[in-house]
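Notes to accompany the following structure.
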Amino acid sequence: MSIKNFKNTIFLKVFLLIFMAIFLVLSIFSYEVTRLQKESILETIQSQAKSMADSIIFSNSEFMIIDDEIKILEFVYDFVQVNKVIEQLIVSRRNGNDLLIQVNKWELKENTIKVDDKDQVKEEKERYSIGFSKSLNKNVFKYSYPVYLTAIHWGWLHFELSLDEYNKKLNSMYNQFLLLAIIIFFSTLIVSFLIAKMVSRPIVKLEEISEKIYSGDLSKRVNVKSTDEIGKLSITFNKMIDRLEKSQLELRKSHFQLESRVQERTDELENKSKQLKELNDNLESRVQDEISKRQKQEQLLIQQSKLAAMGEMIGNIAHQWRQPLNALGLVIQNIQLSYMMDEMNEEFLDKSVEKANLLTKSMSKTIDDFRNFFKPNKEITEFKLDVAINNSFELIGSTLNHNNIELEYDFNEEIVVIGFPNEFSQVILNILTNSKDAILENKIKNGKITLEIKKCSDYGYVTIKDNAGGIALNIINKIFDPYFTTKEEGKGTGIGLYMSKIIIEKNMNGQLSVDNTNLGAMFTVKVPLCII
Ligand SMILES: Nc1ncnc2c1ncn2[C@@H]1O[C@H](COP(=O)(O)OP(=O)(O)OP(=O)(O)O)[C@@H](O)[C@H]1O
Ligand SMILES: [Mg+2]
């Protein structure tokens, strides 16, 4: 509801209420005054009529006693002519005709007193009223006066008086009343207006302030000084605004704080997203860099692994060659001896050359074996586990012999697996070499390496156990890491097991794991079976 409507409603209600109240009171008052005024006018006319009646009776009492009709008529006729106010006068006798006298007119009429009334002797009283006169055909003031002569009811004087004077007075009274009514109406209007304004002003004020509060302006206060309920309401209202203002201030403050925090966070986020974008932009090149770095490292690893393998190979070749070289030396020595002792003949020479040829052939085979062994397989192929393991034995067998390490194995079962056979043999060679190194390092007297093969579900398994004492628990999880070695510098590079794990797990989809037994380490190589 707008202020205007509200104002109108409250104001109008109060105004109408007060106006109606005042108007009602004044109306009742005016009605009463008018009624009294009217009565007083009637009473005046009545007293005038009474005095006329008294005067007629006084002047005619003698004629009335003797019932002299003519004398009475003369007197009354003259009386009516003089007193203009009388329109008609009937002298009604109990014993005789009625005398009807009007201005310039009179007549005798039949008695109007009822027969019953004539017999009964009862106290009669004057009567008056305003009523319609049939003979005059208009409204008149009717006044009936009982005539008593020496306590006897002689008859009646029925006056019918003109209402002109009465109407005149009434009209002037009405005119005065109308004027008064107009004055009263307007003063009532003004008074009602002022009272309504006075009563509704504080409420309107309250409403105005409420409207301002609603639209967000909390600076205004209600200024009502009265001590009534509205005054108290205003004080409470002002307190309420104070509190509202305070809480709004706090709210605004926390809103600002929140806003600045959100701004901070947004800035932070923007920075982060900028950094992220930069990072993202650089990521590709960084990934590329990392990949090439990794590739270089792997390349280096492969190179190092190759060098290490070469070292092993040379060591193994040396062991393989030791026996034929010795034999070759003996052949040469024998040739020299027989020459010095002059026992040299063609047959001996042929035999010696044949022997030497056999020995050099065997040495050359050794080199071929190694070369084939280190040639990487290009395609995945099926191969027998025992054959691949035997290839490794060929290469390391004499080294183990030389170091008095027993090799125990029993390959009854033929297990065909799938993968790269040369690489697989290389893995077995790595594990055997590590066992040999551990046995030598720990100076185990009866060094022994045991190999077993078996198949289970879809995989072929090779277990290689030694009795070198096992791997310390604090390093067992690191032995497959690249460059992890416990060997002296120059003796180990720490990439043997790392390369072996890559070959078995990445290239052949198998698994290479380690465990300790009571005596030493146990390596398990798991490779998928060839299922035709
Ligand atoms: N059978 C074993 N018994 C005890 N320790 C072992 C055995 N096999 C491997 N290790 C430990 O694991 C380490 C890592 O072996 P890995 O073959 O990867 O490297 P390496 O033998 O030290 O060097 P290389 O690269 O020349 O092979 C070894 O240094 C050794 O400490
Ligand atoms: Mg090794």
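In the structure tokens, each chain is lettered A, B, ... as it comes, each chain's residues begin at 1, and ligands are numbered from 1 in order of appearance.
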
Please list as a ChimeraX atom specification every residue within 6 Å of range 80-94 of chain A, counting only C-alpha atoms and excluding residues in the same chain fewer than 2 positions away.
/A:77-78,96,98-103,154-162

So that each row is one residue of chain A with an atom at most 7 Å from ligand 1, can you give its shortest atom pair and the distance in Å to one decimal, using only C-alpha atoms and all ligand atoms, rows by chain and rising number, as JSON lines?
```
{"residue": "A:Ser305", "atom": "CA", "partner": "ligand 1", "partner_atom_place_in_ligand_line": "25 (O)", "distance": 6.8}
{"residue": "A:Ala308", "atom": "CA", "partner": "ligand 1", "partner_atom_place_in_ligand_line": "26 (O)", "distance": 5.9}
{"residue": "A:Asn430", "atom": "CA", "partner": "ligand 1", "partner_atom_place_in_ligand_line": "17 (O)", "distance": 6.3}
{"residue": "A:Ile431", "atom": "CA", "partner": "ligand 1", "partner_atom_place_in_ligand_line": "8 (N)", "distance": 6.4}
{"residue": "A:Asn434", "atom": "CA", "partner": "ligand 1", "partner_atom_place_in_ligand_line": "8 (N)", "distance": 4.5}
{"residue": "A:Ser435", "atom": "CA", "partner": "ligand 1", "partner_atom_place_in_ligand_line": "1 (N)", "distance": 3.9}
{"residue": "A:Ala438", "atom": "CA", "partner": "ligand 1", "partner_atom_place_in_ligand_line": "3 (N)", "distance": 4.9}
{"residue": "A:Asp466", "atom": "CA", "partner": "ligand 1", "partner_atom_place_in_ligand_line": "1 (N)", "distance": 6.4}
{"residue": "A:Ala468", "atom": "CA", "partner": "ligand 1", "partner_atom_place_in_ligand_line": "3 (N)", "distance": 5.9}
{"residue": "A:Gly469", "atom": "CA", "partner": "ligand 1", "partner_atom_place_in_ligand_line": "3 (N)", "distance": 6.8}
{"residue": "A:Gly470", "atom": "CA", "partner": "ligand 1", "partner_atom_place_in_ligand_line": "3 (N)", "distance": 5.0}
{"residue": "A:Ile471", "atom": "CA", "partner": "ligand 1", "partner_atom_place_in_ligand_line": "4 (C)", "distance": 4.6}
{"residue": "A:Ile479", "atom": "CA", "partner": "ligand 1", "partner_atom_place_in_ligand_line": "12 (O)", "distance": 4.7}
{"residue": "A:Phe480", "atom": "CA", "partner": "ligand 1", "partner_atom_place_in_ligand_line": "18 (O)", "distance": 6.0}
{"residue": "A:Phe484", "atom": "CA", "partner": "ligand 1", "partner_atom_place_in_ligand_line": "14 (C)", "distance": 5.6}
{"residue": "A:Thr485", "atom": "CA", "partner": "ligand 1", "partner_atom_place_in_ligand_line": "29 (O)", "distance": 3.4}
{"residue": "A:Thr486", "atom": "CA", "partner": "ligand 1", "partner_atom_place_in_ligand_line": "29 (O)", "distance": 4.0}
{"residue": "A:Lys487", "atom": "CA", "partner": "ligand 1", "partner_atom_place_in_ligand_line": "29 (O)", "distance": 5.1}
{"residue": "A:Lys491", "atom": "CA", "partner": "ligand 1", "partner_atom_place_in_ligand_line": "26 (O)", "distance": 6.3}
{"residue": "A:Gly492", "atom": "CA", "partner": "ligand 1", "partner_atom_place_in_ligand_line": "23 (O)", "distance": 3.4}
{"residue": "A:Thr493", "atom": "CA", "partner": "ligand 1", "partner_atom_place_in_ligand_line": "25 (O)", "distance": 3.8}
{"residue": "A:Gly494", "atom": "CA", "partner": "ligand 1", "partner_atom_place_in_ligand_line": "19 (O)", "distance": 3.3}
{"residue": "A:Ile495", "atom": "CA", "partner": "ligand 1", "partner_atom_place_in_ligand_line": "25 (O)", "distance": 4.1}
{"residue": "A:Gly496", "atom": "CA", "partner": "ligand 1", "partner_atom_place_in_ligand_line": "17 (O)", "distance": 3.8}
{"residue": "A:Leu497", "atom": "CA", "partner": "ligand 1", "partner_atom_place_in_ligand_line": "18 (O)", "distance": 3.7}
{"residue": "A:Tyr498", "atom": "CA", "partner": "ligand 1", "partner_atom_place_in_ligand_line": "18 (O)", "distance": 5.7}
{"residue": "A:Gly520", "atom": "CA", "partner": "ligand 1", "partner_atom_place_in_ligand_line": "3 (N)", "distance": 6.6}
{"residue": "A:Ala521", "atom": "CA", "partner": "ligand 1", "partner_atom_place_in_ligand_line": "1 (N)", "distance": 5.0}
```

Deliver the residues from the most recent selection as a file, using N, CA and C atoms, as a CSV table (one decimal), in the first residue's frame.
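Output file again-v3.csv follows:
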```
chain,number,residue,atom,x,y,z
A,305,SER,N,75.2,-51.8,-20.4
A,305,SER,CA,74.9,-53.2,-20.2
A,305,SER,C,75.7,-54.0,-21.2
A,308,ALA,N,79.2,-54.2,-20.0
A,308,ALA,CA,79.3,-55.1,-18.9
A,308,ALA,C,79.2,-56.6,-19.4
A,430,ASN,N,72.7,-63.8,-16.3
A,430,ASN,CA,72.8,-62.7,-15.3
A,430,ASN,C,72.6,-63.3,-13.9
A,431,ILE,N,71.5,-64.0,-13.8
A,431,ILE,CA,71.2,-64.6,-12.4
A,431,ILE,C,72.3,-65.5,-11.9
A,434,ASN,N,75.4,-63.6,-10.9
A,434,ASN,CA,75.2,-62.9,-9.6
A,434,ASN,C,75.4,-64.0,-8.5
A,435,SER,N,74.8,-65.2,-8.7
A,435,SER,CA,75.0,-66.2,-7.6
A,435,SER,C,76.5,-66.6,-7.5
A,438,ALA,N,78.2,-63.8,-5.6
A,438,ALA,CA,77.8,-63.8,-4.2
A,438,ALA,C,78.6,-65.0,-3.5
A,466,ASP,N,70.7,-70.3,-4.7
A,466,ASP,CA,72.1,-70.5,-4.4
A,466,ASP,C,72.2,-70.6,-2.9
A,468,ALA,N,74.5,-68.7,-1.1
A,468,ALA,CA,75.5,-67.7,-0.8
A,468,ALA,C,75.0,-66.8,0.4
A,469,GLY,N,73.9,-67.2,1.0
A,469,GLY,CA,73.5,-66.4,2.3
A,469,GLY,C,72.4,-65.5,2.1
A,470,GLY,N,72.0,-65.2,0.8
A,470,GLY,CA,70.8,-64.4,0.5
A,470,GLY,C,71.1,-62.9,0.4
A,471,ILE,N,70.0,-62.2,0.2
A,471,ILE,CA,70.1,-60.7,0.0
A,471,ILE,C,69.6,-60.0,1.3
A,479,ILE,N,67.1,-54.1,-5.6
A,479,ILE,CA,68.1,-54.8,-6.5
A,479,ILE,C,67.7,-54.7,-7.9
A,480,PHE,N,66.4,-54.4,-8.2
A,480,PHE,CA,66.0,-54.3,-9.6
A,480,PHE,C,66.1,-52.9,-10.1
A,484,PHE,N,71.8,-50.0,-9.2
A,484,PHE,CA,72.0,-50.4,-7.8
A,484,PHE,C,72.9,-51.6,-7.7
A,485,THR,N,74.0,-51.4,-7.0
A,485,THR,CA,75.0,-52.5,-6.9
A,485,THR,C,75.7,-52.4,-5.5
A,486,THR,N,76.1,-53.6,-5.0
A,486,THR,CA,76.8,-53.6,-3.7
A,486,THR,C,78.3,-54.0,-4.0
A,487,LYS,N,78.6,-54.1,-5.3
A,487,LYS,CA,79.9,-54.6,-5.7
A,487,LYS,C,80.9,-53.4,-5.8
A,491,LYS,N,83.7,-53.7,-10.6
A,491,LYS,CA,83.2,-55.1,-10.6
A,491,LYS,C,81.7,-55.3,-11.0
A,492,GLY,N,81.0,-54.3,-10.7
A,492,GLY,CA,79.5,-54.4,-11.1
A,492,GLY,C,79.0,-53.0,-11.4
A,493,THR,N,78.0,-53.0,-12.4
A,493,THR,CA,77.4,-51.7,-12.8
A,493,THR,C,76.0,-51.5,-12.2
A,494,GLY,N,75.4,-52.6,-11.7
A,494,GLY,CA,74.1,-52.5,-11.1
A,494,GLY,C,73.0,-52.5,-12.1
A,495,ILE,N,73.3,-52.9,-13.4
A,495,ILE,CA,72.1,-52.9,-14.4
A,495,ILE,C,71.7,-54.3,-14.8
A,496,GLY,N,72.5,-55.3,-14.3
A,496,GLY,CA,72.1,-56.7,-14.8
A,496,GLY,C,70.7,-57.1,-14.5
A,497,LEU,N,70.3,-56.9,-13.2
A,497,LEU,CA,68.9,-57.3,-12.8
A,497,LEU,C,67.9,-56.4,-13.4
A,498,TYR,N,68.2,-55.1,-13.5
A,498,TYR,CA,67.3,-54.1,-14.1
A,498,TYR,C,67.0,-54.5,-15.5
A,520,GLY,N,70.2,-69.1,0.8
A,520,GLY,CA,70.6,-68.0,0.0
A,520,GLY,C,69.4,-67.4,-0.8
A,521,ALA,N,69.8,-66.8,-1.9
A,521,ALA,CA,68.8,-66.1,-2.7
A,521,ALA,C,68.0,-67.1,-3.6
```

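Closest approach to ligand 2 from the set A:Ile453, A:Leu432, A:Leu407, A:Ile476 is made by A:Leu432, with distances taken over only C-alpha atoms and all ligand atoms.
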
Fewer than 6 positions away in the same chain doesn't count, so skip those; otherwise give me all residues within 9 Å of Arg221 in chain A, counting only C-alpha atoms, as a PyMOL selection string.
chain A and resi 206+209+234+237-238+241-242

Rank A:Glu489, A:Glu312, A:Glu124, A:Glu382 by their smallest atom-to-atom distance to ligand 2, using only C-alpha atoms and all ligand atoms, and report the top residue only.
A:Glu312

Surrounding residues of Ser219 in chain A excluding itself and chain neighbours under 6 positions, 9 Å, only C-alpha atoms, as a ChimeraX atom specification
/A:212-213,241,245

Keeping only C-alpha atoms, take the residues you just selected and write them out as a PDB file, in the first residue's frame.
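As written to disk, result-v4.pdb reads:
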```
ATOM      1  CA  LYS A 212      11.934   4.507   3.881  1.00  0.00           C
ATOM      2  CA  ILE A 213      13.395   1.575   5.807  1.00  0.00           C
ATOM      3  CA  ILE A 241      15.846   0.922  13.336  1.00  0.00           C
ATOM      4  CA  GLU A 245      21.217  -0.098  11.086  1.00  0.00           C
TER       5      GLU A 245
END
```

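For the set A:Phe63, A:Phe141, A:Tyr31, A:Tyr483, the residue with the smallest atom-to-atom gap to ligand 2 is A:Tyr483, counting only C-alpha atoms and all ligand atoms.
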
Shell of 7 Å around range 198-205 of chain A, only C-alpha atoms, local chain residues under 2 positions omitted, as JSON, numbers by chain:
{"A": [7, 10, 11, 194, 195, 196, 207, 208, 209, 222, 224]}
